[in-house]
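All remarks here apply to the structure that follows.
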Amino acid sequence: MDKLWAGRTAGTTANLVDEINSSIAVDRRLYKRDIAGSIAHAKMLANQEIISHEEADAIVRGLKGIEADITSGALQIDPTAEDIHMFVETVLTQRIGDTGKMLHTARSRNDQVALDTKMYCIEEIDSIDYLLSELMKVLADKAEKNMEVIMPGYTHMQHAQPVSFAQHLMAYAMMFERDKSRLEDCKKRMLERSPIGACALAGTTFNIDREYEASLLGFTGIAMNSMDAVSDRDHFVELMSALSIIMMHTSRLSEEIIMWATSEFNFIQLPDEYTTGSSIMPQKKNPDVAELCRGKTGRVYGNLMSLLTVLKGLPLAYNKDIQEDKEPLFDSVETVKLCIEAFIEMVDVMKVNEESMYESATKGYVNATDLADYLVVKGLPFRDAYNISGKVVSYCLGRGCKLEELPLEEYKQFSPLIEADVHKRLSLKTCVERRNSAGGTSPASVRKQIAYIRCLLQQEQ
Ligand code: ARG
């Protein structure tokens, strides 16, 4: 195939070379950003009198036509083109003639692709950020409906202390809040550093205005070193790392949903639309959506590792290895969006089995800490109170009863400080209500958490 970059070479390549060199199947997604970048470039060139305003106008018109035609389907992206940048420039020249050939003055594909991919990331960060807000909203709504629902809180997967289901859900809302702030940081750093104008690696002999071109595209600043600008992919690594953390969070929630839906836990039920059956076992109702999100986390981590590995050991400046950045980047972005979307609905529709959760919380002496706290209030140092509570637990284990069921006379054998109010103090509802410290599981504290998250989301609007 003949090449725009023929230069000193014959400009024809072997089929296999075309195949390995081509990135159009992946970077075709960048067509809108590529055209937006080229429009800004043409305007800057005209402003700096490198090309005339008439020439710039013809280029801009041509580019807008190409964008409209690709979007409407009137123009098919040629799958045999090398990449989206070459494709757009070739079609431009076919459509407007020699003026199209002026567009690439004071530019290289090296700074062009860095720019286009950054613009892609910036837009996608906005949509992921929006989806995370929606997920937080659903979590807060679900929490509000389950303020009074008590479940066992676990450490080491052992019953630890009673918590409300609302508190458990809000823990995830807090994780997604941090995820959003990581995305925001990442976006801010991207916007501060427009790479365009770095050209191939060393800048250009033309009198370009990089700040102006950057500002036309919404950037707040420019990359200060041309070699860094074309070879740096930190921003993508950073985004993929933030995406990996989001997946880590959704994967933890996936694991809990999968566990909660088992007959052993029976804490939740997923409606039929959110489960799949088995081809052999007619009774099966599988939580595939959660399982797939957990599984896809592996892909997103792998994508991060893949880009880190591509970059490791690369000398300055641009090397073709860097073309391998986009496939994992796009895949991570698309995977994360799909998983968050699925979660928004799944959390919303999941049915909570209140009685089962409560029933489970009554097992395992989750109120043993409350008995110790009770004795502390009556005047014992915590360590002594802890020992007494431990002894009561082992006595109740032998007797086959719960702490809140042990008669007062028997309590008295352990400490004269224990009085008739102990039973009420040990009811799971009281245990949850009294954990009123900031961030604790009491309804008052959870209400504050919900208000905090809702206030953040409101400020965004
Ligand atoms: N498709 C290429 C990429 O994604 C564009 C840059 C090509 N630059 C070059 N000097 N051959 O990285």
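Letters A, B, ... mark the chains of the structure tokens in the order given; residue numbers begin at 1 per chain; ligand numbers begin at 1, in order shown.
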Using only C-alpha atoms and all ligand atoms, which protein or nucleic acid residues are at most 6 Å from ligand 1, as an mmCIF file with N, CA and C atoms, in the first residue's frame?
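Wrote out-v7.cif, looks like this:
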```cif
data_model
loop_
_atom_site.group_PDB
_atom_site.id
_atom_site.type_symbol
_atom_site.label_atom_id
_atom_site.label_comp_id
_atom_site.auth_asym_id
_atom_site.auth_seq_id
_atom_site.Cartn_x
_atom_site.Cartn_y
_atom_site.Cartn_z
ATOM 1 N N SER A 23 -3.212 0.340 13.199
ATOM 2 C CA SER A 23 -3.896 0.499 14.490
ATOM 3 C C SER A 23 -5.319 1.014 14.284
ATOM 4 N N ASP A 83 -3.824 4.263 10.271
ATOM 5 C CA ASP A 83 -4.431 4.690 11.540
ATOM 6 C C ASP A 83 -5.424 5.814 11.263
ATOM 7 N N ARG A 109 2.541 12.944 13.866
ATOM 8 C CA ARG A 109 1.557 12.033 14.458
ATOM 9 C C ARG A 109 1.895 11.751 15.926
ATOM 10 N N ASN A 110 3.153 11.987 16.266
ATOM 11 C CA ASN A 110 3.546 11.688 17.652
ATOM 12 C C ASN A 110 2.842 12.597 18.663
ATOM 13 N N VAL A 113 -1.208 11.975 18.218
ATOM 14 C CA VAL A 113 -1.835 10.820 18.872
ATOM 15 C C VAL A 113 -1.855 10.996 20.391
ATOM 16 N N ILE A 322 4.705 2.345 21.699
ATOM 17 C CA ILE A 322 3.706 3.147 22.414
ATOM 18 C C ILE A 322 2.321 3.025 21.769
ATOM 19 N N GLN A 323 2.292 2.663 20.493
ATOM 20 C CA GLN A 323 0.995 2.453 19.837
ATOM 21 C C GLN A 323 0.168 1.399 20.591
#
```
Expected answer as a JSON list (two decimals) with N, CA and C atoms, in the first residue's frame: helix (DSSP H, G or I) residues in region 252-345 of chain A:
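The new file out08.json reads:
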```json
[["chain", "number", "residue", "atom", "x", "y", "z"],
["A", 252, "ARG", "N", -15.04, -6.33, 45.10],
["A", 252, "ARG", "CA", -15.32, -6.68, 46.51],
["A", 252, "ARG", "C", -16.83, -6.73, 46.74],
["A", 253, "LEU", "N", -17.53, -5.76, 46.18],
["A", 253, "LEU", "CA", -18.99, -5.76, 46.32],
["A", 253, "LEU", "C", -19.58, -6.97, 45.59],
["A", 254, "SER", "N", -18.99, -7.31, 44.44],
["A", 254, "SER", "CA", -19.44, -8.50, 43.70],
["A", 254, "SER", "C", -19.34, -9.73, 44.58],
["A", 255, "GLU", "N", -18.20, -9.87, 45.20],
["A", 255, "GLU", "CA", -17.97, -11.04, 46.06],
["A", 255, "GLU", "C", -19.02, -11.11, 47.17],
["A", 256, "GLU", "N", -19.34, -9.96, 47.74],
["A", 256, "GLU", "CA", -20.33, -9.96, 48.83],
["A", 256, "GLU", "C", -21.71, -10.33, 48.29],
["A", 257, "ILE", "N", -22.05, -9.77, 47.11],
["A", 257, "ILE", "CA", -23.36, -10.07, 46.52],
["A", 257, "ILE", "C", -23.46, -11.58, 46.23],
["A", 258, "ILE", "N", -22.39, -12.12, 45.70],
["A", 258, "ILE", "CA", -22.38, -13.56, 45.38],
["A", 258, "ILE", "C", -22.59, -14.38, 46.66],
["A", 259, "MET", "N", -21.86, -13.98, 47.71],
["A", 259, "MET", "CA", -21.98, -14.70, 49.00],
["A", 259, "MET", "C", -23.36, -14.53, 49.60],
["A", 260, "TRP", "N", -23.83, -13.29, 49.61],
["A", 260, "TRP", "CA", -25.13, -12.99, 50.23],
["A", 260, "TRP", "C", -26.26, -13.75, 49.54],
["A", 272, "ASP", "N", -34.91, -12.33, 38.73],
["A", 272, "ASP", "CA", -34.54, -13.21, 37.62],
["A", 272, "ASP", "C", -33.75, -12.50, 36.52],
["A", 273, "GLU", "N", -34.11, -11.25, 36.23],
["A", 273, "GLU", "CA", -33.41, -10.55, 35.13],
["A", 273, "GLU", "C", -31.93, -10.35, 35.44],
["A", 274, "TYR", "N", -31.56, -10.47, 36.70],
["A", 274, "TYR", "CA", -30.15, -10.25, 37.06],
["A", 274, "TYR", "C", -29.41, -11.54, 37.36],
["A", 288, "ASP", "N", -24.45, -14.19, 37.78],
["A", 288, "ASP", "CA", -23.41, -14.00, 36.77],
["A", 288, "ASP", "C", -22.90, -12.56, 36.65],
["A", 289, "VAL", "N", -23.80, -11.60, 36.83],
["A", 289, "VAL", "CA", -23.37, -10.21, 36.62],
["A", 289, "VAL", "C", -22.26, -9.87, 37.62],
["A", 290, "ALA", "N", -22.49, -10.24, 38.88],
["A", 290, "ALA", "CA", -21.47, -9.97, 39.90],
["A", 290, "ALA", "C", -20.22, -10.79, 39.62],
["A", 291, "GLU", "N", -20.42, -12.04, 39.20],
["A", 291, "GLU", "CA", -19.25, -12.87, 38.91],
["A", 291, "GLU", "C", -18.43, -12.30, 37.76],
["A", 292, "LEU", "N", -19.13, -11.81, 36.73],
["A", 292, "LEU", "CA", -18.40, -11.26, 35.58],
["A", 292, "LEU", "C", -17.66, -9.98, 35.94],
["A", 293, "CYS", "N", -18.28, -9.15, 36.78],
["A", 293, "CYS", "CA", -17.58, -7.92, 37.20],
["A", 293, "CYS", "C", -16.33, -8.31, 38.00],
["A", 294, "ARG", "N", -16.47, -9.32, 38.84],
["A", 294, "ARG", "CA", -15.31, -9.79, 39.60],
["A", 294, "ARG", "C", -14.25, -10.32, 38.63],
["A", 295, "GLY", "N", -14.69, -11.06, 37.62],
["A", 295, "GLY", "CA", -13.75, -11.63, 36.65],
["A", 295, "GLY", "C", -13.09, -10.57, 35.79],
["A", 296, "LYS", "N", -13.88, -9.59, 35.37],
["A", 296, "LYS", "CA", -13.35, -8.54, 34.49],
["A", 296, "LYS", "C", -12.31, -7.68, 35.20],
["A", 297, "THR", "N", -12.34, -7.70, 36.52],
["A", 297, "THR", "CA", -11.32, -6.98, 37.28],
["A", 297, "THR", "C", -9.93, -7.47, 36.88],
["A", 298, "GLY", "N", -9.83, -8.75, 36.63],
["A", 298, "GLY", "CA", -8.55, -9.31, 36.19],
["A", 298, "GLY", "C", -8.09, -8.67, 34.89],
["A", 299, "ARG", "N", -9.02, -8.47, 33.96],
["A", 299, "ARG", "CA", -8.66, -7.84, 32.68],
["A", 299, "ARG", "C", -8.16, -6.43, 32.89],
["A", 300, "VAL", "N", -8.85, -5.69, 33.76],
["A", 300, "VAL", "CA", -8.49, -4.28, 33.94],
["A", 300, "VAL", "C", -7.12, -4.18, 34.64],
["A", 301, "TYR", "N", -6.87, -5.04, 35.60],
["A", 301, "TYR", "CA", -5.53, -5.05, 36.22],
["A", 301, "TYR", "C", -4.48, -5.42, 35.16],
["A", 302, "GLY", "N", -4.81, -6.41, 34.34],
["A", 302, "GLY", "CA", -3.89, -6.87, 33.30],
["A", 302, "GLY", "C", -3.57, -5.75, 32.32],
["A", 303, "ASN", "N", -4.58, -4.96, 31.98],
["A", 303, "ASN", "CA", -4.36, -3.84, 31.05],
["A", 303, "ASN", "C", -3.37, -2.84, 31.63],
["A", 304, "LEU", "N", -3.51, -2.56, 32.93],
["A", 304, "LEU", "CA", -2.58, -1.63, 33.58],
["A", 304, "LEU", "C", -1.16, -2.20, 33.51],
["A", 305, "MET", "N", -1.04, -3.46, 33.83],
["A", 305, "MET", "CA", 0.27, -4.11, 33.83],
["A", 305, "MET", "C", 0.85, -4.13, 32.43],
["A", 306, "SER", "N", -0.04, -4.32, 31.45],
["A", 306, "SER", "CA", 0.39, -4.37, 30.06],
["A", 306, "SER", "C", 1.01, -3.02, 29.64],
["A", 307, "LEU", "N", 0.37, -1.92, 29.97],
["A", 307, "LEU", "CA", 0.92, -0.62, 29.57],
["A", 307, "LEU", "C", 2.20, -0.31, 30.34],
["A", 308, "LEU", "N", 2.21, -0.61, 31.63],
["A", 308, "LEU", "CA", 3.43, -0.37, 32.41],
["A", 308, "LEU", "C", 4.60, -1.13, 31.78],
["A", 309, "THR", "N", 4.31, -2.34, 31.32],
["A", 309, "THR", "CA", 5.37, -3.17, 30.76],
["A", 309, "THR", "C", 5.82, -2.66, 29.40],
["A", 310, "VAL", "N", 4.86, -2.15, 28.61],
["A", 310, "VAL", "CA", 5.23, -1.56, 27.31],
["A", 310, "VAL", "C", 6.19, -0.39, 27.53],
["A", 311, "LEU", "N", 5.92, 0.41, 28.53],
["A", 311, "LEU", "CA", 6.68, 1.65, 28.72],
["A", 311, "LEU", "C", 8.05, 1.42, 29.36],
["A", 320, "LYS", "N", 7.48, 3.07, 18.45],
["A", 320, "LYS", "CA", 6.22, 2.52, 17.97],
["A", 320, "LYS", "C", 5.55, 1.61, 19.01],
["A", 321, "ASP", "N", 6.35, 1.11, 19.93],
["A", 321, "ASP", "CA", 5.78, 0.30, 21.02],
["A", 321, "ASP", "C", 4.59, 1.02, 21.66],
["A", 322, "ILE", "N", 4.71, 2.35, 21.70],
["A", 322, "ILE", "CA", 3.71, 3.15, 22.41],
["A", 322, "ILE", "C", 2.32, 3.02, 21.77],
["A", 323, "GLN", "N", 2.29, 2.66, 20.49],
["A", 323, "GLN", "CA", 0.99, 2.45, 19.84],
["A", 323, "GLN", "C", 0.17, 1.40, 20.59],
["A", 324, "GLU", "N", 0.84, 0.54, 21.32],
["A", 324, "GLU", "CA", 0.17, -0.52, 22.07],
["A", 324, "GLU", "C", -0.54, 0.00, 23.33],
["A", 325, "ASP", "N", -0.54, 1.31, 23.52],
["A", 325, "ASP", "CA", -1.20, 1.86, 24.73],
["A", 325, "ASP", "C", -2.73, 1.83, 24.62],
["A", 326, "LYS", "N", -3.23, 1.96, 23.38],
["A", 326, "LYS", "CA", -4.66, 2.25, 23.25],
["A", 326, "LYS", "C", -5.58, 1.06, 23.49],
["A", 327, "GLU", "N", -5.16, -0.11, 23.03],
["A", 327, "GLU", "CA", -6.05, -1.26, 23.18],
["A", 327, "GLU", "C", -6.37, -1.54, 24.65],
["A", 328, "PRO", "N", -5.34, -1.64, 25.51],
["A", 328, "PRO", "CA", -5.67, -1.85, 26.93],
["A", 328, "PRO", "C", -6.40, -0.66, 27.56],
["A", 329, "LEU", "N", -6.03, 0.55, 27.15],
["A", 329, "LEU", "CA", -6.68, 1.74, 27.72],
["A", 329, "LEU", "C", -8.18, 1.74, 27.38],
["A", 330, "PHE", "N", -8.49, 1.56, 26.10],
["A", 330, "PHE", "CA", -9.90, 1.59, 25.69],
["A", 330, "PHE", "C", -10.66, 0.44, 26.35],
["A", 331, "ASP", "N", -10.02, -0.70, 26.43],
["A", 331, "ASP", "CA", -10.69, -1.86, 27.02],
["A", 331, "ASP", "C", -11.02, -1.60, 28.49],
["A", 332, "SER", "N", -10.08, -1.00, 29.20],
["A", 332, "SER", "CA", -10.34, -0.71, 30.62],
["A", 332, "SER", "C", -11.49, 0.27, 30.78],
["A", 333, "VAL", "N", -11.46, 1.32, 29.97],
["A", 333, "VAL", "CA", -12.52, 2.33, 30.05],
["A", 333, "VAL", "C", -13.88, 1.68, 29.78],
["A", 334, "GLU", "N", -13.95, 0.90, 28.71],
["A", 334, "GLU", "CA", -15.24, 0.30, 28.34],
["A", 334, "GLU", "C", -15.71, -0.73, 29.36],
["A", 335, "THR", "N", -14.77, -1.49, 29.88],
["A", 335, "THR", "CA", -15.13, -2.51, 30.88],
["A", 335, "THR", "C", -15.66, -1.85, 32.16],
["A", 336, "VAL", "N", -14.97, -0.81, 32.60],
["A", 336, "VAL", "CA", -15.39, -0.15, 33.84],
["A", 336, "VAL", "C", -16.78, 0.46, 33.67],
["A", 337, "LYS", "N", -17.02, 1.08, 32.52],
["A", 337, "LYS", "CA", -18.33, 1.70, 32.30],
["A", 337, "LYS", "C", -19.44, 0.64, 32.33],
["A", 338, "LEU", "N", -19.20, -0.46, 31.66],
["A", 338, "LEU", "CA", -20.20, -1.53, 31.61],
["A", 338, "LEU", "C", -20.48, -2.07, 33.01],
["A", 339, "CYS", "N", -19.42, -2.29, 33.77],
["A", 339, "CYS", "CA", -19.60, -2.88, 35.11],
["A", 339, "CYS", "C", -20.34, -1.90, 36.03],
["A", 340, "ILE", "N", -19.99, -0.63, 35.98],
["A", 340, "ILE", "CA", -20.69, 0.32, 36.88],
["A", 340, "ILE", "C", -22.16, 0.39, 36.49],
["A", 341, "GLU", "N", -22.41, 0.42, 35.18],
["A", 341, "GLU", "CA", -23.81, 0.46, 34.74],
["A", 341, "GLU", "C", -24.59, -0.74, 35.27],
["A", 342, "ALA", "N", -23.98, -1.91, 35.18],
["A", 342, "ALA", "CA", -24.65, -3.12, 35.65],
["A", 342, "ALA", "C", -24.88, -3.04, 37.17],
["A", 343, "PHE", "N", -23.92, -2.48, 37.88],
["A", 343, "PHE", "CA", -24.05, -2.38, 39.33],
["A", 343, "PHE", "C", -25.15, -1.41, 39.75],
["A", 344, "ILE", "N", -25.28, -0.31, 39.02],
["A", 344, "ILE", "CA", -26.31, 0.67, 39.35],
["A", 344, "ILE", "C", -27.66, -0.03, 39.40],
["A", 345, "GLU", "N", -27.93, -0.85, 38.38],
["A", 345, "GLU", "CA", -29.22, -1.54, 38.35],
["A", 345, "GLU", "C", -29.29, -2.66, 39.37]]
```
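Using only C-alpha atoms, the nearest neighbour of Phe267 (chain A) within the list A:Leu139, A:Met240, A:Leu16, A:Ile150 is A:Ile150.
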Env of Cys121 (chain A): 12 Å cut, atoms = only C-alpha atoms, seq-sep filter 2 positions within chain, self excluded. Answer as an MDAnalysis selection string.
chainID A and resid 29:30 33 114:119 123:129 183:184 186:191 233 235:240 243 326 329:330 332:334
Name all residues at most 9 Å from Phe414 (chain A) (count only C-alpha atoms; drop same-chain ones fewer than 4 positions away) and give them as an MDAnalysis selection string.
chainID A and resid 388:389 391:392 410 418
Long-range neighbours of region 38-51 of chain A as a ChimeraX atom specification, 9 Å cut-off, only C-alpha atoms, 3 positions minimum in chain:
/A:33-35,54-57,59-61,63-64,102-107,112,196-197,206-210,212-214,216-217
Hey, what does DSSP flag as strand (DSSP E or B) within region 145-330 of chain A? Can you give it to me as an mmCIF file with all heavy atoms, in the first residue's frame?
```cif
data_model
loop_
_atom_site.group_PDB
_atom_site.id
_atom_site.type_symbol
_atom_site.label_atom_id
_atom_site.label_comp_id
_atom_site.auth_asym_id
_atom_site.auth_seq_id
_atom_site.Cartn_x
_atom_site.Cartn_y
_atom_site.Cartn_z
ATOM 1 N N ILE A 150 -30.666 -5.100 60.460
ATOM 2 C CA ILE A 150 -29.441 -5.466 61.176
ATOM 3 C C ILE A 150 -28.835 -6.736 60.585
ATOM 4 O O ILE A 150 -29.537 -7.694 60.259
ATOM 5 C CB ILE A 150 -29.756 -5.670 62.679
ATOM 6 C CG1 ILE A 150 -30.124 -4.305 63.275
ATOM 7 C CG2 ILE A 150 -28.568 -6.284 63.414
ATOM 8 C CD1 ILE A 150 -30.599 -4.354 64.699
ATOM 9 N N MET A 151 -27.534 -6.699 60.421
ATOM 10 C CA MET A 151 -26.824 -7.877 59.906
ATOM 11 C C MET A 151 -25.575 -8.089 60.757
ATOM 12 O O MET A 151 -25.152 -7.171 61.474
ATOM 13 C CB MET A 151 -26.429 -7.656 58.438
ATOM 14 C CG MET A 151 -25.348 -6.605 58.264
ATOM 15 S SD MET A 151 -24.970 -6.206 56.539
ATOM 16 C CE MET A 151 -24.075 -7.666 56.033
ATOM 17 N N PRO A 152 -24.960 -9.268 60.672
ATOM 18 C CA PRO A 152 -23.697 -9.414 61.390
ATOM 19 C C PRO A 152 -22.596 -8.669 60.627
ATOM 20 O O PRO A 152 -22.502 -8.806 59.405
ATOM 21 C CB PRO A 152 -23.443 -10.928 61.366
ATOM 22 C CG PRO A 152 -24.252 -11.455 60.231
ATOM 23 C CD PRO A 152 -25.382 -10.510 59.989
ATOM 24 N N GLY A 153 -21.801 -7.870 61.317
ATOM 25 C CA GLY A 153 -20.610 -7.294 60.696
ATOM 26 C C GLY A 153 -19.485 -8.300 60.921
ATOM 27 O O GLY A 153 -19.443 -8.952 61.963
ATOM 28 N N TYR A 154 -18.612 -8.446 59.941
ATOM 29 C CA TYR A 154 -17.576 -9.480 60.025
ATOM 30 C C TYR A 154 -16.180 -8.886 60.122
ATOM 31 O O TYR A 154 -15.897 -7.842 59.535
ATOM 32 C CB TYR A 154 -17.589 -10.336 58.753
ATOM 33 C CG TYR A 154 -18.862 -11.112 58.529
ATOM 34 C CD1 TYR A 154 -19.979 -10.492 57.961
ATOM 35 C CD2 TYR A 154 -18.946 -12.442 58.881
ATOM 36 C CE1 TYR A 154 -21.144 -11.203 57.744
ATOM 37 C CE2 TYR A 154 -20.123 -13.164 58.675
ATOM 38 C CZ TYR A 154 -21.215 -12.531 58.100
ATOM 39 O OH TYR A 154 -22.362 -13.229 57.896
ATOM 40 N N THR A 155 -15.299 -9.581 60.849
ATOM 41 C CA THR A 155 -13.862 -9.430 60.627
ATOM 42 C C THR A 155 -13.347 -10.853 60.528
ATOM 43 O O THR A 155 -13.908 -11.754 61.171
ATOM 44 C CB THR A 155 -13.161 -8.681 61.784
ATOM 45 O OG1 THR A 155 -13.313 -9.453 62.973
ATOM 46 C CG2 THR A 155 -13.722 -7.282 62.009
ATOM 47 N N GLN A 158 -15.622 -13.806 60.367
ATOM 48 C CA GLN A 158 -16.294 -14.329 61.563
ATOM 49 C C GLN A 158 -17.226 -13.233 62.066
ATOM 50 O O GLN A 158 -16.903 -12.041 61.962
ATOM 51 C CB GLN A 158 -15.262 -14.635 62.664
ATOM 52 C CG GLN A 158 -14.167 -15.610 62.249
ATOM 53 C CD GLN A 158 -14.679 -17.032 62.124
ATOM 54 O OE1 GLN A 158 -15.442 -17.504 62.955
ATOM 55 N NE2 GLN A 158 -14.279 -17.696 61.048
ATOM 56 N N HIS A 159 -18.341 -13.630 62.641
ATOM 57 C CA HIS A 159 -19.259 -12.645 63.208
ATOM 58 C C HIS A 159 -18.503 -11.778 64.211
ATOM 59 O O HIS A 159 -17.826 -12.299 65.099
ATOM 60 C CB HIS A 159 -20.416 -13.356 63.923
ATOM 61 C CG HIS A 159 -21.422 -13.907 62.969
ATOM 62 N ND1 HIS A 159 -22.725 -14.166 63.311
ATOM 63 C CD2 HIS A 159 -21.312 -14.216 61.651
ATOM 64 C CE1 HIS A 159 -23.368 -14.629 62.253
ATOM 65 N NE2 HIS A 159 -22.533 -14.677 61.240
ATOM 66 N N ALA A 160 -18.621 -10.463 64.062
ATOM 67 C CA ALA A 160 -17.833 -9.563 64.914
ATOM 68 C C ALA A 160 -18.741 -8.681 65.771
ATOM 69 O O ALA A 160 -18.804 -8.844 66.995
ATOM 70 C CB ALA A 160 -16.925 -8.710 64.035
ATOM 71 N N GLN A 161 -19.443 -7.759 65.125
ATOM 72 C CA GLN A 161 -20.368 -6.875 65.843
ATOM 73 C C GLN A 161 -21.557 -6.611 64.932
ATOM 74 O O GLN A 161 -21.408 -6.636 63.707
ATOM 75 C CB GLN A 161 -19.665 -5.556 66.199
ATOM 76 C CG GLN A 161 -18.603 -5.740 67.270
ATOM 77 C CD GLN A 161 -17.807 -4.460 67.543
ATOM 78 O OE1 GLN A 161 -17.904 -3.480 66.812
ATOM 79 N NE2 GLN A 161 -17.014 -4.495 68.602
ATOM 80 N N PRO A 162 -22.724 -6.331 65.517
ATOM 81 C CA PRO A 162 -23.868 -6.071 64.648
ATOM 82 C C PRO A 162 -23.712 -4.710 63.948
ATOM 83 O O PRO A 162 -23.218 -3.752 64.558
ATOM 84 C CB PRO A 162 -25.061 -6.051 65.607
ATOM 85 C CG PRO A 162 -24.478 -5.744 66.945
ATOM 86 C CD PRO A 162 -23.064 -6.247 66.950
ATOM 87 N N VAL A 163 -24.110 -4.683 62.700
ATOM 88 C CA VAL A 163 -24.115 -3.411 61.953
ATOM 89 C C VAL A 163 -25.442 -3.330 61.200
ATOM 90 O O VAL A 163 -26.146 -4.324 61.069
ATOM 91 C CB VAL A 163 -22.949 -3.332 60.930
ATOM 92 C CG1 VAL A 163 -21.599 -3.273 61.607
ATOM 93 C CG2 VAL A 163 -22.984 -4.494 59.940
ATOM 94 N N SER A 164 -25.730 -2.135 60.689
ATOM 95 C CA SER A 164 -26.925 -2.061 59.844
ATOM 96 C C SER A 164 -26.491 -2.342 58.412
ATOM 97 O O SER A 164 -25.338 -2.082 58.029
ATOM 98 C CB SER A 164 -27.586 -0.688 59.943
ATOM 99 O OG SER A 164 -26.773 0.281 59.327
ATOM 100 N N SER A 194 -1.046 19.968 27.594
ATOM 101 C CA SER A 194 -1.329 19.637 26.200
ATOM 102 C C SER A 194 -0.022 19.286 25.481
ATOM 103 O O SER A 194 0.937 20.056 25.503
ATOM 104 C CB SER A 194 -1.992 20.831 25.508
ATOM 105 O OG SER A 194 -1.826 20.697 24.111
ATOM 106 N N ILE A 222 0.410 23.648 28.837
ATOM 107 C CA ILE A 222 1.097 22.803 27.849
ATOM 108 C C ILE A 222 2.221 22.003 28.513
ATOM 109 O O ILE A 222 2.784 22.431 29.525
ATOM 110 C CB ILE A 222 1.694 23.656 26.697
ATOM 111 C CG1 ILE A 222 2.715 24.674 27.235
ATOM 112 C CG2 ILE A 222 0.603 24.360 25.917
ATOM 113 C CD1 ILE A 222 3.568 25.315 26.139
ATOM 114 N N ILE A 268 -29.702 -11.796 50.537
ATOM 115 C CA ILE A 268 -30.357 -11.038 49.451
ATOM 116 C C ILE A 268 -30.892 -11.995 48.407
ATOM 117 O O ILE A 268 -30.500 -13.162 48.359
ATOM 118 C CB ILE A 268 -29.392 -10.063 48.727
ATOM 119 C CG1 ILE A 268 -28.214 -10.842 48.117
ATOM 120 C CG2 ILE A 268 -28.909 -8.956 49.628
ATOM 121 C CD1 ILE A 268 -27.529 -10.084 47.000
ATOM 122 N N GLN A 269 -31.760 -11.462 47.561
ATOM 123 C CA GLN A 269 -32.210 -12.201 46.386
ATOM 124 C C GLN A 269 -32.067 -11.294 45.190
ATOM 125 O O GLN A 269 -32.401 -10.102 45.275
ATOM 126 C CB GLN A 269 -33.678 -12.530 46.531
ATOM 127 C CG GLN A 269 -33.943 -13.942 46.992
ATOM 128 C CD GLN A 269 -35.370 -14.012 47.449
ATOM 129 O OE1 GLN A 269 -35.666 -13.611 48.584
ATOM 130 N NE2 GLN A 269 -36.246 -14.470 46.572
ATOM 131 N N THR A 276 -28.751 -15.849 35.844
ATOM 132 C CA THR A 276 -28.902 -16.757 34.707
ATOM 133 C C THR A 276 -29.113 -18.165 35.248
ATOM 134 O O THR A 276 -28.812 -18.437 36.412
ATOM 135 C CB THR A 276 -27.638 -16.767 33.822
ATOM 136 O OG1 THR A 276 -26.559 -17.177 34.646
ATOM 137 C CG2 THR A 276 -27.355 -15.407 33.238
ATOM 138 N N ASN A 286 -28.013 -18.141 38.986
ATOM 139 C CA ASN A 286 -26.612 -17.758 39.232
ATOM 140 C C ASN A 286 -26.392 -16.247 39.169
ATOM 141 O O ASN A 286 -26.945 -15.586 38.290
ATOM 142 C CB ASN A 286 -25.709 -18.444 38.206
ATOM 143 C CG ASN A 286 -25.780 -19.950 38.303
ATOM 144 O OD1 ASN A 286 -25.937 -20.494 39.399
ATOM 145 N ND2 ASN A 286 -25.689 -20.622 37.170
#
```
Could you jot down the CA of Thr220 (chain A) to CA of Glu192 (chain A) separation for me, Å, one decimal place?
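These atoms are spaced 4.9 Å apart.
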For Ile84 (chain A), list every protein, DNA or RNA residue within 7 Å, evaluated using only C-alpha atoms, and leave out those in the same chain fewer than 3 positions away; present the list as a list in words.
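Near neighbours after the sequence-gap exclusion: Ile24, Asp27, Arg28, Tyr31, Phe87 and Val88 of chain A.
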One decimal place gives the CA of Asn319 (chain A)-CA of Ser231 (chain A) separation as 7.6 Å
Name the residues in contact with Lys429 (chain A) at a cut-off of 10 Å, using only C-alpha atoms, excluding same-chain residues fewer than 3 positions from it; report them as a PyMOL selection string.
chain A and resi 148-150+162-164+358+424-426+432-434+442
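Considering the residues A:Asp421, A:Thr13, A:Ala143, A:Ile66 and counting only C-alpha atoms, Val352 (chain A) has its shortest atom-to-atom contact with A:Ala143.
Going from CA of Ala385 (chain A) over to CA of Ala372 (chain A), you cover 4.7 Å.
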